[in-house]
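What follows is a single structure, written as structure tokens, with notes after it.
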Amino acid sequence: MKVRYRATAGLAVLALAVAACGGGGGEAKKPSAEQTQQAQEQMSQTPAISINAVPYEQVKDGGTLTLAVGQWPQQWNGNHVDGNQADTADMLDVIMPQPIVFDEQAQWSANPDYLSDVKNELSADKHVVTYTINDKAKWSDGTPITWEDFEAAWKVNSGKDKKYKPASTDGWDRIESVTKGDTDKVAVVTFTKPYPEWMGLYSRSPHLYPAKHILDADKYENDYKGKIPVTAGPFKVEKIDEGTKTLTLVRDDNWWGKKAKLDKIIFRGIESPEAQVNAFANGELDGVEIPSGAPAELKRAKEVPNVDIRKALSPNWRHITVNNVSANLKDKTVRQAIAYGINRDVITQSDLKDMDWPLQTLGNHVFMNNHKGYVDNSGDLGKYNLEKAKQLLDQAGWKQEGEYRKKDGKELELSFVIPTGTPVAQTEGELTQAMLKEAGVKVNIRPVPVDKFFVDYVIKGDFDLVPFSWIGTPLPIGGLSQIYKTGSESNFPKGSDPALDEAIEAAVSELDPEQAIVKANAADKLIWDMVHTIPLYQRPDIQAAKKTLANWGAKGYKSYDYSMVGFTG
């Protein structure tokens, strides 16, 4: 499972044995300058994409592609915060519109299957984007895709109508109106003020949905709950089997674009990486993700005959989210003590050991290590400092009494929530537990059902500390509002700082790309200070695939074209 930056979520399910941490972190070694340089060199040599790219004409017709997802969705409406899961988005990519797509260099373009033209016009007082919809584009029920579907996306994601629960309002809340152009096939989007990352709105986050199924609050909540009534892609739904957690898609003969090469795509819900790799090794899957913290699974996958291990840099990162409003963490001094008491190098080295991936911690909440905007903003808070952690806890009134600290007769204890069947999260919990014990903080590891992890725990704020992965987009600055701005549905720790909100607004409104990076880094420093999220590392994008599988794998920033995915032999 994975959680996506902007507007698709989930959790990273990983496997890992417990690693020694020197009694909790005190003896952990910070990477040497030589090790850091080696990691940077290794990262520079990792490609931006590895999908076995093959021209459409050379992909054979027919065949079935079988893949796995870790988290089975309850909500298939990607506009809804409960439908904000990476695995859900992966499946919806095949059957729902993506009007804007991106290449491996994060450059956008209009998807000709859905748009015949896009015009971006900026004047002194107006920012207007005009989408001209492909005349042939229609929903699977025969209804044309029109400007009203674009309007509906704005209305349910703007945050103005509280009946809806969007994963992110970023950008949508800047739209003044969506109106009909010369015809029903022209959507005119007018912004109240310039929005530099406008191209991220009608892309994958979320996919476009038919207006008649999401505008009514009841339909928004229920029409795609446990079912997918209408699609618009090269494939359509043949069957959703809740019992076996299987989604079966077949080629849609009414598709107006390039005929899909495959006859069928099957997604199977398989929770653990170990079980997924076993299924791949047994020939039940054609491709499988190898997550960080799964060296045994990587080794097993490499041993599969005719396997291709595909690796690429991606905008995805692992972290620990820190509840800013729970009883024992609402004091920023305590949160900063927790940050000092967690050795990020130890957890990073543990998670990435034997994964053939750079052992490099992440010092930024916005930009990845290989991004041109990357600056290590972690400062002192990013460095393990047990004595500083103890000093801050003393300062906050939590005094050491025996094994743990107490205040007003209550013990300082934190709940570290993890999904069941995720050994890497278990290990991260155990390492954190051992580290913070040295500072006098009691950490209780709390396993919860994997399919309830986000909806019932992360989204509801029922945690003190929680590890998962954000899956990024080609537009990283846009994620600032979604994850860190006061009041956002995806601001899971409920962090709130007016100065940060102001800094975020400045960054996401800046039209000059270089200045936008400067302002995003200024916001990042405030995020570090409030201890909203503790970054760990840029996550590997490693996929094991059959050598004959074409146009699928470690895609980095690129959008898949599922009409081209298939086999060469």
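Each chain of the structure tokens is named A, B, ... in the order shown, its residues numbered from 1; ligands are numbered from 1 in display order.
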*Please return as an MDAnalysis selection string: the residues of region 92-275 of chain A that backbone DSSP assigns to strand (DSSP E).*
chainID A and resid 100:102 108:110 115:122 127:133 175:180 186:191 235:241 246:251 264:269
_Selection near region 454-458 of chain A, 6 Å with only C-alpha atoms, sequence-local residues under 3 positions removed, as a PyMOL selection string_ = chain A and resi 82+461-462
*asked:* Nearest residue to Val59 (chain A) out of A:Pro513, A:Lys547, A:Lys261, A:Glu502, using only C-alpha atoms?
replied: A:Lys261
_Selected residue, from A:Ala337, A:Lys212, A:Pro194, A:Ile309, that lies nearest to Ala507 (chain A) when counting only C-alpha atoms_ = A:Pro194
*Distance criterion (only C-alpha atoms): nearest to Leu500 (chain A) out of A:Thr248, A:Ser481, A:Thr130, A:Ser109*: A:Ser481
*Nearest to Asp356 (chain A), chosen from A:Ala389, A:Leu329, A:Leu285, A:Leu298, with only C-alpha atoms counted in the distances*: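 Once distances to Asp356 (chain A) are computed over only C-alpha atoms, the minimum belongs to A:Leu298.
Computed from the coordinates, the CA of Phe191 (chain A) to CA of Ser509 (chain A) distance equals 11.5 Å.
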_Neighbour list for Thr333 (chain A) as JSON, numbers by chain, cut-off 7 Å, only C-alpha atoms, skip fewer than 2 positions in-chain_ = {"A": [331, 335, 336, 337, 392, 396]}
Residues of region 358-463 of chain A within 12 Å of region 68-71 of chain A: nearest atom pair and distance (Å, one decimal) for each, counting only C-alpha atoms, sorted by chain and number, as JSON lines?
{"residue": "A:Pro419", "atom": "CA", "partner": "A:Gln71", "partner_atom": "CA", "distance": 10.5}
{"residue": "A:Thr420", "atom": "CA", "partner": "A:Gln71", "partner_atom": "CA", "distance": 11.5}
{"residue": "A:Gly421", "atom": "CA", "partner": "A:Gly70", "partner_atom": "CA", "distance": 10.2}
{"residue": "A:Thr422", "atom": "CA", "partner": "A:Gly70", "partner_atom": "CA", "distance": 10.3}
{"residue": "A:Pro449", "atom": "CA", "partner": "A:Gln71", "partner_atom": "CA", "distance": 10.6}
{"residue": "A:Val450", "atom": "CA", "partner": "A:Gln71", "partner_atom": "CA", "distance": 7.2}
{"residue": "A:Asp451", "atom": "CA", "partner": "A:Gln71", "partner_atom": "CA", "distance": 6.0}
{"residue": "A:Lys452", "atom": "CA", "partner": "A:Gln71", "partner_atom": "CA", "distance": 9.3}
{"residue": "A:Phe453", "atom": "CA", "partner": "A:Gln71", "partner_atom": "CA", "distance": 9.5}
{"residue": "A:Phe454", "atom": "CA", "partner": "A:Gln71", "partner_atom": "CA", "distance": 10.0}
{"residue": "A:Val455", "atom": "CA", "partner": "A:Gln71", "partner_atom": "CA", "distance": 11.5}
Take the residues that were just selected and, keeping N, CA and C atoms, output them as a PDB file, in the first residue's frame.
ATOM      1  N   PRO A 419      -0.196  -0.905  10.351  1.00  0.00           N
ATOM      2  CA  PRO A 419      -1.129  -1.866   9.762  1.00  0.00           C
ATOM      3  C   PRO A 419      -0.618  -3.291   9.947  1.00  0.00           C
ATOM      4  N   THR A 420      -1.512  -4.197  10.192  1.00  0.00           N
ATOM      5  CA  THR A 420      -1.105  -5.597  10.333  1.00  0.00           C
ATOM      6  C   THR A 420      -0.499  -6.088   9.028  1.00  0.00           C
ATOM      7  N   GLY A 421       0.380  -7.070   9.146  1.00  0.00           N
ATOM      8  CA  GLY A 421       0.974  -7.661   7.956  1.00  0.00           C
ATOM      9  C   GLY A 421       2.001  -6.784   7.273  1.00  0.00           C
ATOM     10  N   THR A 422       2.561  -5.810   7.983  1.00  0.00           N
ATOM     11  CA  THR A 422       3.580  -4.925   7.406  1.00  0.00           C
ATOM     12  C   THR A 422       4.824  -4.952   8.288  1.00  0.00           C
ATOM     13  N   PRO A 449      -6.208  -3.355  11.678  1.00  0.00           N
ATOM     14  CA  PRO A 449      -6.493  -4.022  10.396  1.00  0.00           C
ATOM     15  C   PRO A 449      -6.018  -3.195   9.215  1.00  0.00           C
ATOM     16  N   VAL A 450      -5.364  -3.869   8.288  1.00  0.00           N
ATOM     17  CA  VAL A 450      -4.755  -3.152   7.171  1.00  0.00           C
ATOM     18  C   VAL A 450      -5.782  -2.408   6.333  1.00  0.00           C
ATOM     19  N   ASP A 451      -6.969  -2.985   6.154  1.00  0.00           N
ATOM     20  CA  ASP A 451      -7.961  -2.321   5.311  1.00  0.00           C
ATOM     21  C   ASP A 451      -8.702  -1.213   6.046  1.00  0.00           C
ATOM     22  N   LYS A 452      -8.443  -1.071   7.345  1.00  0.00           N
ATOM     23  CA  LYS A 452      -9.059   0.006   8.126  1.00  0.00           C
ATOM     24  C   LYS A 452      -8.040   1.092   8.496  1.00  0.00           C
ATOM     25  N   PHE A 453      -6.782   0.831   8.166  1.00  0.00           N
ATOM     26  CA  PHE A 453      -5.676   1.661   8.629  1.00  0.00           C
ATOM     27  C   PHE A 453      -5.892   3.146   8.325  1.00  0.00           C
ATOM     28  N   PHE A 454      -6.226   3.463   7.077  1.00  0.00           N
ATOM     29  CA  PHE A 454      -6.397   4.867   6.728  1.00  0.00           C
ATOM     30  C   PHE A 454      -7.744   5.414   7.159  1.00  0.00           C
ATOM     31  N   VAL A 455      -8.794   4.743   6.765  1.00  0.00           N
ATOM     32  CA  VAL A 455     -10.133   5.286   6.986  1.00  0.00           C
ATOM     33  C   VAL A 455     -10.445   5.455   8.464  1.00  0.00           C
TER      34      VAL A 455
END
*Name all residues at most 9 Å from Arg539 (chain A) (count only C-alpha atoms; drop same-chain ones fewer than 5 positions away) and give them as a PyMOL selection string.*
chain A and resi 291-292+313-318+352+357+469+471
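With only C-alpha atoms as the atoms that count, the minimum distance from Lys193 (chain A) to the choices A:Ser123, A:Thr486, A:Asn343, A:Asn157 is reached by A:Ser123.
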Do you know which residues are at most 6 Å from Asn364 (chain A) counting only C-alpha atoms, after dropping those on the same chain fewer than 3 positions away, and could you put them as a PDB file with N, CA and C atoms, in the first residue's frame?
ATOM      1  N   PHE A 367      10.720  18.414  -1.751  1.00  0.00           N
ATOM      2  CA  PHE A 367      11.560  17.970  -2.861  1.00  0.00           C
ATOM      3  C   PHE A 367      12.364  16.727  -2.489  1.00  0.00           C
ATOM      4  N   ASP A 376      18.629  20.442   2.153  1.00  0.00           N
ATOM      5  CA  ASP A 376      18.432  19.775   3.441  1.00  0.00           C
ATOM      6  C   ASP A 376      18.059  20.833   4.477  1.00  0.00           C
ATOM      7  N   ASN A 377      16.770  20.903   4.797  1.00  0.00           N
ATOM      8  CA  ASN A 377      16.271  21.897   5.753  1.00  0.00           C
ATOM      9  C   ASN A 377      16.081  21.329   7.156  1.00  0.00           C
TER      10      ASN A 377
END
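Shortest separation to Lys390 (chain A) among A:Glu221, A:Glu438, A:Asp497, A:Glu411 occurs at residue A:Glu438, atoms counted being only C-alpha atoms.
Between CA of Glu489 (chain A) and CA of Asp173 (chain A) the separation is 13.3 Å.
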Residues of region 92-162 of chain A that approach region 35-55 of chain A to 10 Å or less, counting only C-alpha atoms: could you list each one with the shortest pair of atoms and its distance in Å to one decimal, rows by chain and increasing residue number, as a tab-separated table?
residue	atom	partner	partner_atom	distance
A:Asp103	CA	A:Ile49	CA	9.4
A:Glu104	CA	A:Ala48	CA	6.2
A:Gln105	CA	A:Ala48	CA	7.4
A:Ala106	CA	A:Ala48	CA	9.8
